[in-house]
Structures are given as structure tokens and as C-alpha cells.
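Note sheet for the following structure.
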Amino acid sequence: MSYHHEQISRYTWKIVENDPYGQYPFLYAIMGVDKCVIIDTGTGAGNFAKYVDEHINHERRLPYLVINTHVHFDHVGGNSRFQARKGFKGIHMGGANKIFSQNVDINSLCLAHNCAVQHYKVDKWLKQGDRIYLDDSKESSATCLEIIETPGHTPDSIAIYSHIEKLLFVGDNIYPYTVIHLDCIGSNVDEYLRTLQKLESFVTKVSDNKAGKLCFKDKKSELICLPCDDDGSAVQRKSNEISKDSKEPVGKQNITMNDTADKKNQRDKELDEVHGIGIGASDGKSSTSKDRNKDNPHQILINKFLELVHHSS
């Protein structure tokens, strides 16, 4: 059981869990002024909270706030460990279908993978347009996380948009290197297609907005969250120590909207790989060919959305 992390922007870290169930979820830690926001907590097979303590939140020791993109076990499995932390600020989930989300034993799919999810308490049910501020003393739309209800993969799915860094965390709505699950309990293809259109419209609406910037009380705290240029435009990836021969597991990822010109060619290459996404019944491991689904109407809509996101800066 292991994790790999990299700093993908000024305030945000991506962590990939190398789990025993073959899910390889992408998890995120966003360092704010008064809290560390965790987007999804993994399968629970390892101690993700301890990993974040030791590798990301070890300097400032901010209290945690957890947002789950949906109820599946590889996204909520580590909730209970965060909930036990001193000063914990709560678990937030999409509230579009509370009964579905609360039936963790069935709807998390843990039984299908021969595992269990430690029960946890949801402290706040989120709805479309809700905001979570990275500095509660200065509630600004430019430095908040905005909730978008995105049913389809599950009835309770949400995406999270970071206005401060122009990052869209899509949960399991899109994977980069594997097929998309629309065969789960509660999945709905029509709702999923509407979700893609909704995300496309949202990205169009916010694409010209300027990224925000947090104001830290002391310079040391700001430097901890400062791998990028002062204007926050450049994305510098800062990986933890991984040998040249090791490979980070492929999995699910967020979509970034603040690429710079010198990253365009690399992003185009990644986009070509993402175009291989299909709709099917496997997860986490299987690659799909770029051409296999090119004429699928579902795939055409996914590609249209991804092209807009990747080239909207």
C-alpha cells in the first residue's frame, strides 16, 4: 500500500493511491489560509490522513475539511481517519440524493470488492452553487471552491471548481486512461450526458475569469504554498521522490484550465490520450484505443468538453 504525490499548482497537491483493489483514485489536498481541503479520501486500505500529515500538511498543521465527490468506496474509504483528527471541520457531500449517499454499505460498492468502509458522519450536504472558502475571514468568490451537481455516474456526484486556481475537479465524471463507469448502482446515461453539457457551459462561463490569490498572515505560510510564479499562472509539477524506473499508477484526474503556452504541446499529447476514454464496465487499469470510440455519440460529447477545458485559457 503506497501513495505518490505531486504539487500541481500553487495551493494544490494531487495524490494517487496505489490500492489493492486496482482503483488508483486521484485524491487532492488544497492548502488554504485556515484549512486544508481534502477532495476524496481513497479506499481506506492505507492511512491517507497520516500520509497528508507527513508529506503535505506537515509544516502548517491546518485542520482538515473533507469533500467527497460521491459515495463510492475509493472516494470515502479514508473519511473516518480524517474525522478523528483534532479540529476537524467536517465531511461535505453532495445532497442531491441523501438516501443514496447514506446507504454506504450497498452504494459504495465495497461489497463487490470484498472490503468495508468505516462509517462516518456527513456534516454538511452540498447543493448546486454552494461555496467553500479557503479563508473564512475573507469570503471572496475569487478564492472559493464552487460546487456543481453532476449526476450520471452516481446520483450524488459533484464536481468542484477552484476559482482561485481555475481547476475543475471532476470526480469520476471523466478518467484519463480508462473506461467510464455508467454501470453502477444509480448510474444514468442520460443524466451523465446532461452533466457533460452542464460542465461545458460552466467552463465557458468562467474561462475568462482571473485566478485569485490568498493573503497569508505570515510570509512563511505563503512560501509553503508557492511553487509557481507570483501571478499564479505557471504550473510547476513538484513530485515526491519516485525512482526513474517507477511508474505512477494510472487513475482518475482533475481537469486543469490554467495551462500556459509552454505546456500546450504536452497538454495536447495528454488530451490525445484522454480521447481514448470509452463507456464500459472496467475501471482504473484498462487503456482504450484512441480510435475505438471515436464515432460514439457519447465519446464525441466527452471529447468536445475536454477540448474546451484544455484550450480555454
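Numbering starts fresh at 1 for the residues of each chain in the C-alpha cells, the chains themselves are lettered A, B, ... in the order given, and ligands are numbered from 1 as they appear.
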
Stretch 13-120 of chain A: residues DSSP assigns to strand (DSSP E), reported as a ChimeraX atom specification
/A:13-18,26-31,36-39,64-68,91-94

How close does each residue of stretch 94-113 of chain A get to stretch 185-204 of chain A, giving the shortest atom pair and distance in Å to one decimal for every residue with an atom at most 10 Å away, counting only C-alpha atoms, sorted by chain and residue number, as a Markdown table?
```
| residue | atom | partner | partner_atom | distance |
| --- | --- | --- | --- | --- |
| A:Phe100 | CA | A:Gly186 | CA | 8.3 |
| A:Ile106 | CA | A:Ile185 | CA | 8.7 |
| A:Asn107 | CA | A:Ile185 | CA | 6.4 |
| A:Ser108 | CA | A:Ile185 | CA | 9.0 |
| A:Leu109 | CA | A:Ile185 | CA | 8.2 |
```

Residue subset to file, keeping C-alpha atoms, as a short mmCIF file (atom, residue, chain, number, x, y, z; two decimals), in the first residue's frame:
```cif
data_model
loop_
_atom_site.label_atom_id
_atom_site.label_comp_id
_atom_site.auth_asym_id
_atom_site.auth_seq_id
_atom_site.Cartn_x
_atom_site.Cartn_y
_atom_site.Cartn_z
CA PHE A 100 -28.44 7.03 -1.73
CA ILE A 106 -24.53 -1.02 -0.62
CA ASN A 107 -23.94 2.03 -2.76
CA SER A 108 -20.22 2.44 -2.04
CA LEU A 109 -19.67 -0.81 -4.00
#
```

Shell around A:Arg131 at 9 Å using only C-alpha atoms, local window under 5 positions removed, as number ranges by chain
A: 126, 141, 144-147

With only C-alpha atoms counted and 7 Å as the cut-off, give the residues of stretch 35-127 of chain A in contact with stretch 12-24 of chain A, each with its shortest interatomic distance in Å and the pair that gives it, as a Markdown table.
```
| residue | atom | partner | partner_atom | distance |
| --- | --- | --- | --- | --- |
| A:Gly42 | CA | A:Glu17 | CA | 6.8 |
| A:Ala45 | CA | A:Asp19 | CA | 6.7 |
| A:Asp74 | CA | A:Gln23 | CA | 6.9 |
| A:His113 | CA | A:Tyr21 | CA | 6.9 |
```

Those same residues, written as a PDB file, in the first residue's frame with all heavy atoms?
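Printed below is again.pdb as written:
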```pdb
ATOM      1  N   GLY A  42      -9.875   8.235  -0.712  1.00  0.00           N
ATOM      2  CA  GLY A  42      -9.335   6.952  -1.113  1.00  0.00           C
ATOM      3  C   GLY A  42     -10.102   5.760  -0.575  1.00  0.00           C
ATOM      4  O   GLY A  42     -11.210   5.886  -0.035  1.00  0.00           O
ATOM      5  N   ALA A  45      -7.628   1.595   2.527  1.00  0.00           N
ATOM      6  CA  ALA A  45      -6.694   0.485   2.727  1.00  0.00           C
ATOM      7  C   ALA A  45      -5.418   0.946   3.416  1.00  0.00           C
ATOM      8  O   ALA A  45      -4.787   0.193   4.154  1.00  0.00           O
ATOM      9  CB  ALA A  45      -6.366  -0.165   1.384  1.00  0.00           C
ATOM     10  N   ASP A  74     -13.819   4.004  -3.027  1.00  0.00           N
ATOM     11  CA  ASP A  74     -12.486   4.525  -3.297  1.00  0.00           C
ATOM     12  C   ASP A  74     -12.418   6.042  -3.198  1.00  0.00           C
ATOM     13  O   ASP A  74     -11.359   6.637  -3.435  1.00  0.00           O
ATOM     14  CB  ASP A  74     -11.991   4.057  -4.676  1.00  0.00           C
ATOM     15  CG  ASP A  74     -12.956   4.372  -5.804  1.00  0.00           C
ATOM     16  OD1 ASP A  74     -14.179   4.312  -5.595  1.00  0.00           O
ATOM     17  OD2 ASP A  74     -12.490   4.674  -6.921  1.00  0.00           O
ATOM     18  N   HIS A 113     -16.095  -5.464  -3.969  1.00  0.00           N
ATOM     19  CA  HIS A 113     -14.634  -5.534  -3.950  1.00  0.00           C
ATOM     20  C   HIS A 113     -14.116  -6.218  -2.684  1.00  0.00           C
ATOM     21  O   HIS A 113     -12.919  -6.145  -2.385  1.00  0.00           O
ATOM     22  CB  HIS A 113     -14.046  -4.125  -4.072  1.00  0.00           C
ATOM     23  CG  HIS A 113     -14.310  -3.483  -5.399  1.00  0.00           C
ATOM     24  ND1 HIS A 113     -13.451  -3.587  -6.466  1.00  0.00           N
ATOM     25  CD2 HIS A 113     -15.369  -2.742  -5.830  1.00  0.00           C
ATOM     26  CE1 HIS A 113     -13.944  -2.935  -7.506  1.00  0.00           C
ATOM     27  NE2 HIS A 113     -15.112  -2.402  -7.149  1.00  0.00           N
TER      28      HIS A 113
END
```

Quick one, how far is atom CA of A:Lys213 from atom CA of A:Ala29?
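So the two atoms, atom CA of A:Lys213 and atom CA of A:Ala29, lie 16.8 Å apart.
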
Given only C-alpha atoms as the basis, pick out the residue of A:Ser9, A:Cys215, A:Tyr28, A:Glu139 nearest to A:Lys166.
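So, comparing all the options, the nearest one is A:Ser9.
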
Would you pick out the contacts of stretch 53-57 of chain A at 12 Å or less, using only C-alpha atoms, so that residues sharing its chain but fewer than 3 positions from it are not included, and give the list as JSON, numbers by chain?
{"A": [3, 4, 5, 6, 7, 11, 12, 13, 14, 15, 28, 29, 30, 31, 32, 34, 35, 36, 37, 38, 47, 48, 49, 50, 60, 61, 62, 63, 64, 81, 82, 85, 221, 224, 225, 238, 239, 240, 241]}

So what do you get for atom CA of A:Val104 versus atom CA of A:Asp130, distance-wise?
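Computed distance, atom CA of A:Val104 to atom CA of A:Asp130, equals 23.5 Å.
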
Selected residue, from A:His58, A:Lys124, A:Lys86, A:His163, that lies nearest to A:Asn209 when counting only C-alpha atoms
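Among the listed residues, the smallest separation from A:Asn209 belongs to A:His163.
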